[in-house]
Amino acid sequence: MSDRLNPFGIAQIGLVRRTGRWVADASRAVAMPRVWLPLLVVHLRRLGVDSIPIALFLAVFTGIVLALLASYIFTGAVPLYFVGALVAKTVMMELGPVLTGMALAGRVGANIAAELGTMKVTEQVDALETLAVDVHAYLVVPRVVAATLMFPVVTAMAITVGVVSGWITAVNLLDLSTPEFFKGVRQFYQLKDVWFGLVKSASFGCAIALMGALTGLRTQGGAEGVGRATTRAVVLGCEAILVLDAFWALVLL
Amino acid sequence: MISFRDVTKSFGPKRVLDGFSLDIPEGQTTVLLGYSGTGKSVALKHIVGLLEPDRGEVEVDGKVIERLSRDELVRLRATIGYVFQFAALLDSISVFENVALGLRQQGLTEAAVTEQVRSSLARVGLADAGERYPAELSGGMRKRVGIARAIALEPRYILYDEPTTGLDPVTSALIDRLMVRTKRDLGVTGVVVTHDLRSAFSVGDRIAMLYEGRVRAVGTVDEIRNTDDPVVRQFIEGRP
């Protein structure tokens, strides 16, 4: 059949075959904990613990801006204690998970794509294949599992810091007392607000790590190829976050 | 035995292998010689299924590589050692862990893995390098670790991709000697891809010259040295 196809046609068939095989191989690799489990702790630290500073930095300023913005919107129309409700609700359900996800798409997605891309162009991935090591179990699964587990942890910390920074801002800059701020927080709080944000962030972690691994392992060429793969991983990761964000809103709200 | 049958492989519009056919007999070292970009390394990657031919077949021990299931391919790969051009050591783990990688997949005990890694590193003269990281090694040492990693699995075949490229003459001779000793001691079938004539003539039992994606000439070292083929003569004599 290949005799009758031009090189472009052959390339397209090859792309579809490779993508299908990649998904099948990655799914199969999950059933090989003997390979990926020993590597998990390293990636929990690298992808999760090491991401905490950037996530908290973002959360501090998100809380400040939200408190000031809420005060600006509510002044004269809505009781000021609603600032607490808006800060907590928004940070827990939307800005905490999404902004943390976006920041980590840059940090984690780029890290995975660059590392695996470099391994690909320096034939380290081929070396694993020739050593009969399952590349997906060794390289992809521990990263995806680590990101899926750690994103909610990092997001939970970011949510806490975001709410605290909003509270400190409200108390110090908005003439709002602590009891008033937390009255607003309590009045509209539901347990669902928290798990909704954490479920979303777990899905963001999974998607970002998958995009990073997929683009990294598809890297071609040298340093330029690694650069392209890294950029693509970040863009795809951010797009995945927005799509998943809408998906969870439709499904869970 | 390894056989290529009318293998064609293109990358985009560039056809790298074009009707490439060659039998690689057991127990010998066959050298694939040729200009840069004539498809020598591409041919090598077909043997372990890193690349698939657009047309034609590659057979190892009577099994057509492209028709093997994933598990069959993994089992076959465990019988083939591959030494990469730039060693391709995983730079995030130590030399010991690099050599142990393939062994751990075989389900060996940790004691057996340690024993085999030590013996493989000793065979290439790097018994004390186990705790070092690839970035701390010279080019020649990295190649030797690459060979140790390949022989640790006690393969039936070893594929060497440009084993002496980028090395000084003394280190190149050391690597050549290591390849000859590996074949003698372990009885493996070797396939060496190189454009280094000195290395080709010192390690090869048979030499196949690739030109424009197919075999231009094949024979013993003496037959290739004394051939009348103008393309082979030009390559051997280094005439522009």
# chains A, B, ... in the order shown; residues from 1 in each chain; ligands from 1
call {"tool": "residues_around", "arguments": {"residues": "A:Lys183", "least_positions_apart": "3", "cutoff": "10 Å", "atoms": "only C-alpha atoms", "output": "JSON list (two decimals) with C-alpha atoms, in the first residue's frame"}}
result
[["chain", "number", "residue", "atom", "x", "y", "z"],
["A", 81, "TYR", "CA", -18.16, 41.74, 55.00],
["A", 82, "PHE", "CA", -18.99, 40.23, 51.59],
["A", 83, "VAL", "CA", -15.32, 40.86, 50.80],
["A", 84, "GLY", "CA", -14.53, 37.74, 52.85],
["A", 85, "ALA", "CA", -17.08, 35.71, 50.91],
["A", 177, "SER", "CA", -12.53, 43.63, 61.22],
["A", 178, "THR", "CA", -11.45, 40.01, 61.45],
["A", 179, "PRO", "CA", -14.89, 38.81, 62.68],
["A", 180, "GLU", "CA", -16.56, 40.65, 59.80],
["A", 186, "ARG", "CA", -18.54, 31.36, 56.73],
["A", 187, "GLN", "CA", -21.83, 32.62, 55.38],
["A", 188, "PHE", "CA", -21.24, 31.33, 51.86],
["A", 189, "TYR", "CA", -18.79, 28.49, 52.54]]
call {"tool": "closest_atom_pairs", "arguments": {"of": "stretch 62-169 of chain B", "to": "stretch 180-197 of chain B", "cutoff": "9 Å", "atoms": "only C-alpha atoms", "output": "CSV"}}
result
residue,atom,partner,partner_atom,distance
B:Arg123,CA,B:Thr182,CA,8.7
B:Ile151,CA,B:Thr182,CA,8.1
B:Glu154,CA,B:Leu186,CA,7.7
B:Pro155,CA,B:Val188,CA,7.1
B:Arg156,CA,B:Val188,CA,5.1
B:Tyr157,CA,B:Thr189,CA,4.7
B:Ile158,CA,B:Gly190,CA,4.9
B:Leu159,CA,B:Val191,CA,4.8
B:Tyr160,CA,B:Val192,CA,4.7
B:Asp161,CA,B:Val193,CA,5.0
B:Glu162,CA,B:Thr194,CA,4.7
B:Pro163,CA,B:Thr194,CA,7.3
B:Thr164,CA,B:Asp196,CA,7.5
B:Thr165,CA,B:Asp196,CA,7.6
call {"tool": "residues_around", "arguments": {"residues": "B:Leu73", "least_positions_apart": "5", "cutoff": "9 Å", "atoms": "only C-alpha atoms", "output": "PDB file with N, CA and C atoms, in the first residue's frame"}}
result
ATOM      1  N   ALA A 132      15.442  -2.719  27.110  1.00  0.00           N
ATOM      2  CA  ALA A 132      14.157  -3.374  27.417  1.00  0.00           C
ATOM      3  C   ALA A 132      13.477  -2.729  28.619  1.00  0.00           C
TER       4      ALA A 132
ATOM      5  N   VAL B  48      16.975  -3.185  16.212  1.00  0.00           N
ATOM      6  CA  VAL B  48      16.339  -3.253  17.539  1.00  0.00           C
ATOM      7  C   VAL B  48      14.948  -2.620  17.533  1.00  0.00           C
ATOM      8  N   GLY B  49      14.441  -2.329  16.357  1.00  0.00           N
ATOM      9  CA  GLY B  49      13.077  -1.805  16.261  1.00  0.00           C
ATOM     10  C   GLY B  49      12.939  -0.363  16.704  1.00  0.00           C
ATOM     11  N   ILE B  65      11.236  -8.196  12.643  1.00  0.00           N
ATOM     12  CA  ILE B  65      11.124  -7.227  13.735  1.00  0.00           C
ATOM     13  C   ILE B  65       9.780  -6.496  13.724  1.00  0.00           C
ATOM     14  N   GLU B  66       9.351  -6.055  12.545  1.00  0.00           N
ATOM     15  CA  GLU B  66       8.134  -5.242  12.464  1.00  0.00           C
ATOM     16  C   GLU B  66       6.889  -6.035  12.832  1.00  0.00           C
ATOM     17  N   LEU B  68       6.759  -8.297  15.315  1.00  0.00           N
ATOM     18  CA  LEU B  68       6.782  -8.755  16.703  1.00  0.00           C
ATOM     19  C   LEU B  68       5.819  -7.943  17.558  1.00  0.00           C
ATOM     20  N   ALA B  78      16.458  -7.777  24.762  1.00  0.00           N
ATOM     21  CA  ALA B  78      17.303  -8.222  25.879  1.00  0.00           C
ATOM     22  C   ALA B  78      18.470  -9.075  25.388  1.00  0.00           C
TER      23      ALA B  78
END
call {"tool": "closest_residue", "arguments": {"among": "A:Pro38, A:Cys238, A:Thr231, A:Met32", "to": "A:Val133", "atoms": "only C-alpha atoms"}}
result
A:Met32
call {"tool": "interface_residues", "arguments": {"of": "chain B", "to": "chain A", "cutoff": "9 Å", "atoms": "only C-alpha atoms", "output": "MDAnalysis selection string"}}
result
chainID B and resid 10:13 48:50 54:55 73:78 80:91 101:106 149:150 153
